[in-house]
Amino acid sequence: MMFRIGQGFDVHKLAEGESLILGGIKINHTKGTIAHSDGDVLIHAIIDAILGAANLGDIGNLFPDSDSKYKNIDSRILLIKTNELLHKNNYEIGNIDSTIVLQKPKIAEYLPKIKNALANVLNIDANKISVKATTTEGLGFEGREEGVSAQAICLIYKK
Ligand SMILES: [Zn+2]
């Protein structure tokens, strides 16, 4: 079996009064992401990991933010399109691991829900997706609550 691996990374700015959506799940918080889309940093990192594994470019060239049809778009739709493209190229997802870097709020209680939501969107078993969260102990832009970042890694295999 042929395996390939890809990684993805994304950052969005945080601002008061915006909504914070991670893996399609709305997080209860006073701050949220400023973005052309819904600013779902986790889904964006996962999309780039999938695209990277299959060598299919990146989220920026597939769904350009200069295109008005992607304004405020639900990132789950972009993830579905990415998954379709992956299948068109005869690949399947082996597994995905991801980390959200966010100082506040504590999101541990959301993680199982996020994981299940992503498994549903990708139509894969929930044990193929891992979603973790960490803080930077107050250091850097995440620590100052100026932004949120996410990293993801994805293994794919040819059918
Ligand atoms: Zn993004």
# chains A, B, ... in the order shown; residues from 1 in each chain; ligands from 1
$ residues_near_ligand --ligand "ligand 1" --cutoff "7 Å" --atoms "only C-alpha atoms and all ligand atoms" --output "PDB file with C-alpha atoms, in the first residue's frame"
ATOM      1  CA  ASP A  10      -3.075  28.031  10.075  1.00  0.00           C
ATOM      2  CA  VAL A  11      -3.457  31.181  12.153  1.00  0.00           C
ATOM      3  CA  HIS A  12      -6.322  33.623  12.591  1.00  0.00           C
ATOM      4  CA  GLY A  39     -12.190  31.528  10.389  1.00  0.00           C
ATOM      5  CA  ASP A  40     -12.199  27.874  11.419  1.00  0.00           C
ATOM      6  CA  VAL A  41      -8.463  27.560  11.967  1.00  0.00           C
ATOM      7  CA  HIS A  44      -8.133  25.072   7.547  1.00  0.00           C
TER       8      HIS A  44
END
$ select_by_dssp --residues "chain A" --states "strand (DSSP E or B)" --output "ChimeraX atom specification"
/A:3-16,20-22,25-27,31-34,91-101,129-134,147-158
$ closest_residue --among "A:Leu102, A:Leu56, A:Cys154, A:Val121" --to "Ala133 of chain A" --atoms "only C-alpha atoms"
A:Leu102
$ atom_distance --atom1 "atom CA of Gln103 of chain A" --atom2 "atom CA of Gly8 of chain A"
20.2 Å
$ residues_around --residues "Val148 of chain A" --least-positions-apart "6" --cutoff "12 Å" --atoms "only C-alpha atoms" --output "PyMOL selection string"
chain A and resi 9-15+20-22+31-35+39-42+45+99-105+133-136+140-142
$ atom_distance --atom1 "atom CA of Lys128 of chain A" --atom2 "atom CA of Ile107 of chain A"
20.3 Å
$ atom_distance --atom1 "atom CA of Ile77 of chain A" --atom2 "atom CA of Lys26 of chain A"
15.7 Å
$ residues_around --residues "Ala152 of chain A" --least-positions-apart "3" --cutoff "6 Å" --atoms "only C-alpha atoms" --output "PyMOL selection string"
chain A and resi 7-8+45-46+49+97-98
$ residues_around --residues "Ala53 of chain A" --least-positions-apart "6" --cutoff "10 Å" --atoms "only C-alpha atoms" --output "PyMOL selection string"
chain A and resi 3-8+47+86+91+93+153-157
$ write_last_selection --atoms "N, CA and C atoms" --output "CSV table (one decimal), in the first residue's frame"
chain,number,residue,atom,x,y,z
A,3,PHE,N,1.5,4.9,1.0
A,3,PHE,CA,1.2,5.9,2.0
A,3,PHE,C,1.8,7.2,1.7
A,4,ARG,N,1.1,8.3,2.0
A,4,ARG,CA,1.7,9.7,1.9
A,4,ARG,C,1.3,10.5,3.1
A,5,ILE,N,2.1,11.4,3.4
A,5,ILE,CA,1.8,12.2,4.6
A,5,ILE,C,1.8,13.7,4.3
A,6,GLY,N,1.0,14.5,5.0
A,6,GLY,CA,1.0,15.9,4.8
A,6,GLY,C,0.8,16.7,6.1
A,7,GLN,N,1.2,17.9,6.1
A,7,GLN,CA,1.0,18.7,7.3
A,7,GLN,C,0.4,20.0,6.9
A,8,GLY,N,-0.4,20.6,7.9
A,8,GLY,CA,-1.0,21.9,7.7
A,8,GLY,C,-0.9,22.8,8.9
A,47,ILE,N,-7.4,20.8,6.2
A,47,ILE,CA,-7.5,20.9,4.7
A,47,ILE,C,-6.1,20.9,4.1
A,86,LEU,N,-9.8,14.5,-2.9
A,86,LEU,CA,-9.0,13.4,-2.4
A,86,LEU,C,-9.4,12.1,-3.0
A,91,TYR,N,-7.5,8.5,-3.3
A,91,TYR,CA,-6.8,8.3,-1.9
A,91,TYR,C,-7.9,8.2,-0.9
A,93,ILE,N,-8.3,8.6,3.6
A,93,ILE,CA,-7.6,9.1,4.8
A,93,ILE,C,-7.3,8.0,5.7
A,153,ILE,N,-1.7,17.0,10.9
A,153,ILE,CA,-1.0,16.1,10.1
A,153,ILE,C,-1.9,15.0,9.6
A,154,CYS,N,-1.7,14.6,8.4
A,154,CYS,CA,-2.7,13.6,7.8
A,154,CYS,C,-1.9,12.5,7.0
A,155,LEU,N,-2.3,11.3,7.2
A,155,LEU,CA,-1.8,10.2,6.5
A,155,LEU,C,-2.9,9.7,5.5
A,156,ILE,N,-2.5,9.6,4.2
A,156,ILE,CA,-3.4,9.1,3.2
A,156,ILE,C,-2.8,7.8,2.6
A,157,TYR,N,-3.7,7.1,1.9
A,157,TYR,CA,-3.2,5.9,1.2
A,157,TYR,C,-4.0,5.7,-0.1
$ select_by_dssp --residues "segment 2-50 of chain A" --states "alpha helix (DSSP H)" --output "number ranges by chain"
A: 41-50
$ write_last_selection --atoms "N, CA and C atoms" --output "PDB file, in the first residue's frame"
ATOM      1  N   VAL A  41      -9.905  27.804  12.099  1.00  0.00           N
ATOM      2  CA  VAL A  41      -8.463  27.560  11.967  1.00  0.00           C
ATOM      3  C   VAL A  41      -8.131  26.064  11.958  1.00  0.00           C
ATOM      4  N   LEU A  42      -8.909  25.279  12.709  1.00  0.00           N
ATOM      5  CA  LEU A  42      -8.648  23.839  12.778  1.00  0.00           C
ATOM      6  C   LEU A  42      -8.967  23.175  11.434  1.00  0.00           C
ATOM      7  N   ILE A  43     -10.126  23.476  10.897  1.00  0.00           N
ATOM      8  CA  ILE A  43     -10.485  22.885   9.598  1.00  0.00           C
ATOM      9  C   ILE A  43      -9.511  23.341   8.520  1.00  0.00           C
ATOM     10  N   HIS A  44      -9.074  24.583   8.565  1.00  0.00           N
ATOM     11  CA  HIS A  44      -8.133  25.072   7.547  1.00  0.00           C
ATOM     12  C   HIS A  44      -6.799  24.313   7.620  1.00  0.00           C
ATOM     13  N   ALA A  45      -6.319  24.056   8.827  1.00  0.00           N
ATOM     14  CA  ALA A  45      -5.066  23.304   8.977  1.00  0.00           C
ATOM     15  C   ALA A  45      -5.255  21.865   8.477  1.00  0.00           C
ATOM     16  N   ILE A  46      -6.410  21.276   8.764  1.00  0.00           N
ATOM     17  CA  ILE A  46      -6.687  19.899   8.312  1.00  0.00           C
ATOM     18  C   ILE A  46      -6.783  19.840   6.788  1.00  0.00           C
ATOM     19  N   ILE A  47      -7.434  20.830   6.185  1.00  0.00           N
ATOM     20  CA  ILE A  47      -7.528  20.875   4.715  1.00  0.00           C
ATOM     21  C   ILE A  47      -6.121  20.916   4.109  1.00  0.00           C
ATOM     22  N   ASP A  48      -5.261  21.766   4.663  1.00  0.00           N
ATOM     23  CA  ASP A  48      -3.905  21.864   4.121  1.00  0.00           C
ATOM     24  C   ASP A  48      -3.102  20.580   4.328  1.00  0.00           C
ATOM     25  N   ALA A  49      -3.359  19.880   5.425  1.00  0.00           N
ATOM     26  CA  ALA A  49      -2.672  18.605   5.661  1.00  0.00           C
ATOM     27  C   ALA A  49      -3.108  17.567   4.624  1.00  0.00           C
ATOM     28  N   ILE A  50      -4.417  17.528   4.343  1.00  0.00           N
ATOM     29  CA  ILE A  50      -4.938  16.575   3.348  1.00  0.00           C
ATOM     30  C   ILE A  50      -4.390  16.910   1.964  1.00  0.00           C
TER      31      ILE A  50
END
$ residues_around --residues "Asp74 of chain A" --least-positions-apart "3" --cutoff "8 Å" --atoms "only C-alpha atoms" --output "PDB file with C-alpha atoms, in the first residue's frame"
ATOM      1  CA  GLY A  24     -17.442  23.383  12.899  1.00  0.00           C
ATOM      2  CA  SER A  37     -14.381  32.653   5.759  1.00  0.00           C
ATOM      3  CA  ASP A  38     -15.796  31.562   9.115  1.00  0.00           C
ATOM      4  CA  ILE A  77     -18.138  22.845   3.029  1.00  0.00           C
ATOM      5  CA  LEU A  78     -14.500  23.428   2.042  1.00  0.00           C
TER       6      LEU A  78
END
$ closest_residue --among "A:His29, A:Lys106, A:Asp65, A:Gly60" --to "Glu16 of chain A" --atoms "only C-alpha atoms"
A:His29
